[in-house]
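Undergrad: Pasting a structure below so you can have a look.
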Amino acid sequence: MNTALPPLYASWIAEFLPGPLPDESRSTCSECAMCSIGAPVSFEMKTKCCTYIPWIPNFLAGKILENQVAVFESYWDRADVRPQGVWPDPDFVAEYHPSSPFFGRNLKWRCPYFLEQEGGLCGIWENRNGRCATWFCKHLRGQISHNFWSATEALLTSLEKILSLWCIHQLKAGSDQFREAFPLSTDEPAFSVWLKQQSFYEGGSATPDLKWGVWLNRERTFFYECYKLIAPLRWKDVREICGSTLNRLEQNMLKCHDRLTSDFFPDVLKLSEFHMLDIGSEEVRLWTINPYDPVTLPKTTVRLLHRKNGTPMEEVTKMVPKELLLKLFDAGILI
């Protein structure tokens, strides 16, 4: 699987990340690992993991429209189109829950950008948002990889929010009141600001011209112009626009990348908190965060690990193969 970020994001990340992105080759989209026989949780081939409709920030929407992507165009009239970007339709927002057991199975939640006729691929792959670009069902280094991609998602989703607002202010979309209600910030708005924002959405009293201003009935052109503003930016420009919040997220991503590329292994066996599911009389599945990628162990091994909790690794490796201990460490079972 090609785990490269979308080209725009990849160019920015490459300017500060001291090494390549991890290749999550176990997360196979073309031949879905979660649809295979023996998967710990079974997804439907007609949905795969695409039972989620992403928000597309205005600048990415502009590039997708420029490319004349048919599945994006066909969803336009149903979507919640705002100056910030293209949001899922209200029916999906009302029904969807990220921790639902129907994730990967509910055809009603399937992303409108899913290309069923091509075996289940993403129709906006080159311009997918930060959340979709950083989600994997399985990771080469388990929780360590998961932590890196979570840090990457936090950074990308924050810059998407700020850059989409920056475009609104640069292009003077909407009325003065609209732009005042959506300042350049990733922080949760004060209650008074939140109330102003609600007046523009969710059945609020504001008319479309107050939201779009001079761009009313020219929404597609507005999105084109947003992409033209963002495309030339380098990472230093993005950081300057987004401010100190992005600096903190960048440092966290660098820290997680350093851990990902490190060969550190603990000297003493220490078990973390984890979930456990019996899969027969002899075996169990263990996981910490990601139930889609558990580690399967004999129950005798789990009992041994509990007995040896706090024991030097040098002694434990005489009874448990180090390769397995490394896998458990990557998965977050050992810390």
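Naming scheme: A, B, ... for chains in displayed order of the structure tokens; residues 1 onward per chain; ligands 1 onward as shown.
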Can you list, as a list in words, every protein, DNA or RNA residue that comes within 10 Å of Phe265 of chain A when you count only C-alpha atoms, leaving out same-chain residues fewer than 5 positions away?
TA: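 Residues near the query, excluding close chain neighbours: Met313, Leu325, Leu326, Phe329, Asp330, Leu334 and Ile335 of chain A.
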Undergrad: I need the strand (DSSP E or B) residues of segment 217-310 of chain A per DSSP on the backbone, written as number ranges by chain.
TA: A: 268, 271, 275-278, 283-287, 295-298
Undergrad: May I have the residues within 12 Å of Asp187 of chain A as a PyMOL selection string, using only C-alpha atoms and disregarding those fewer than 6 positions away in the same chain?
TA: chain A and resi 158+161-162+193-194+242-246
Undergrad: Can I get the selection written as a PDB file, in the first residue's frame, with C-alpha atoms?
TA:
ATOM      1  CA  SER A 158      -5.319  21.828  13.034  1.00  0.00           C
ATOM      2  CA  LYS A 161      -8.929  24.425  10.233  1.00  0.00           C
ATOM      3  CA  ILE A 162      -6.688  27.486  10.419  1.00  0.00           C
ATOM      4  CA  VAL A 193     -18.247  33.447  20.011  1.00  0.00           C
ATOM      5  CA  TRP A 194     -19.772  29.979  19.749  1.00  0.00           C
ATOM      6  CA  CYS A 242      -0.957  28.967  12.159  1.00  0.00           C
ATOM      7  CA  GLY A 243       1.138  30.266  15.050  1.00  0.00           C
ATOM      8  CA  SER A 244       2.336  28.655  18.269  1.00  0.00           C
ATOM      9  CA  THR A 245      -0.294  25.912  18.406  1.00  0.00           C
ATOM     10  CA  LEU A 246       1.182  24.328  15.311  1.00  0.00           C
TER      11      LEU A 246
END
Undergrad: I'd like the neighbourhood of His257 of chain A as a ChimeraX atom specification, where a residue qualifies if any of its atoms comes within 12 Å (using only C-alpha atoms), though same-chain residues fewer than 6 positions away should be ignored.
TA: /A:13,16-22,141,144-152,250-251
Undergrad: With C-alpha atoms retained, write the just-selected residues as a PDB file, in the first residue's frame.
TA:
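Result file follows (selection00.pdb):
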ATOM      1  CA  ILE A  13       5.999  17.421   6.236  1.00  0.00           C
ATOM      2  CA  PHE A  16      10.770  19.285   8.889  1.00  0.00           C
ATOM      3  CA  LEU A  17      10.541  15.509   9.395  1.00  0.00           C
ATOM      4  CA  PRO A  18      14.068  14.022   9.776  1.00  0.00           C
ATOM      5  CA  GLY A  19      13.379  10.873   7.799  1.00  0.00           C
ATOM      6  CA  PRO A  20      10.750   9.119   5.684  1.00  0.00           C
ATOM      7  CA  LEU A  21       7.205   8.390   6.727  1.00  0.00           C
ATOM      8  CA  PRO A  22       6.606   4.813   7.898  1.00  0.00           C
ATOM      9  CA  ARG A 141       4.988  -1.094  14.874  1.00  0.00           C
ATOM     10  CA  ILE A 144       4.169   3.111  18.469  1.00  0.00           C
ATOM     11  CA  SER A 145       3.155   3.640  14.831  1.00  0.00           C
ATOM     12  CA  HIS A 146      -0.395   4.473  15.908  1.00  0.00           C
ATOM     13  CA  ASN A 147       0.917   7.236  18.178  1.00  0.00           C
ATOM     14  CA  PHE A 148       2.943   8.728  15.320  1.00  0.00           C
ATOM     15  CA  TRP A 149      -0.014   8.826  12.954  1.00  0.00           C
ATOM     16  CA  SER A 150      -2.270  10.250  15.677  1.00  0.00           C
ATOM     17  CA  ALA A 151       0.241  13.072  16.187  1.00  0.00           C
ATOM     18  CA  THR A 152       0.325  13.625  12.417  1.00  0.00           C
ATOM     19  CA  GLU A 250       5.034  19.751  15.244  1.00  0.00           C
ATOM     20  CA  GLN A 251       7.257  19.010  18.235  1.00  0.00           C
TER      21      GLN A 251
END
Undergrad: Using Å and a single decimal, report how far atom CA of Leu324 of chain A sits from atom CA of Phe43 of chain A.
TA: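 Calculated distance between atom CA of Phe43 of chain A and atom CA of Leu324 of chain A is 27.3 Å.
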Undergrad: For segment 173-184 of chain A, work out the shell of residues within 10 Å, counting only C-alpha atoms and skipping chain neighbours fewer than 2 positions away, then give it as JSON, numbers by chain.
TA: {"A": [83, 84, 161, 162, 163, 164, 165, 166, 167, 168, 169, 170, 171, 186, 187, 189, 192, 193, 194, 195, 196, 197, 198, 199, 200, 206, 208, 209, 210, 211, 212, 213, 214, 215, 216, 219, 222, 241, 242, 243]}
Undergrad: List the spatial neighbours of Ile64 of chain A as number ranges by chain - criterion: any atom at most 8 Å away, only C-alpha atoms, same-chain residues fewer than 4 positions off excluded.
TA: A: 60, 68-69, 72, 124, 127
Undergrad: Need to verify the contact set: Cys226 of chain A, 7 Å, only C-alpha atoms, exclusion of same-chain residues closer than 6 positions in sequence. Can you return it as a PyMOL selection string?
TA: chain A and resi 58-59+62+167
Undergrad: Give me every alpha helix (DSSP H) residue in segment 98-181 of chain A, going by DSSP on the backbone, as a PyMOL selection string.
TA: chain A and resi 130-133+142-170+176-181
Undergrad: Under the rule that only C-alpha atoms are counted, which of A:Trp109, A:Trp135, A:Tyr9, A:Phe223 is the nearest residue to Pro57 of chain A?
TA: A:Phe223
Undergrad: Quick one: of A:Ser11, A:Ser262, A:Ala4, A:Leu159, who's nearest to Pro232 of chain A, counting only C-alpha atoms?
TA: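 Among A:Ser11, A:Ser262, A:Ala4, A:Leu159, it is A:Ser11 that comes nearest to Pro232 of chain A.
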Undergrad: Using only C-alpha atoms, pick whichever of A:Glu126, A:Glu225, A:Asp77, A:Glu118 has the shortest atom-to-atom distance to Ala10 of chain A.
TA: A:Glu126
Undergrad: So how far away is atom CA of Phe103 of chain A from atom CA of Cys49 of chain A, in Å?
TA: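 According to the coordinates, atom CA of Cys49 of chain A and atom CA of Phe103 of chain A are separated by 7.0 Å.
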Undergrad: One decimal, Å: what's the distance from atom CA of Arg26 of chain A over to atom CA of Ser272 of chain A, could you say?
TA: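 Calculated distance between atom CA of Arg26 of chain A and atom CA of Ser272 of chain A is 24.1 Å.
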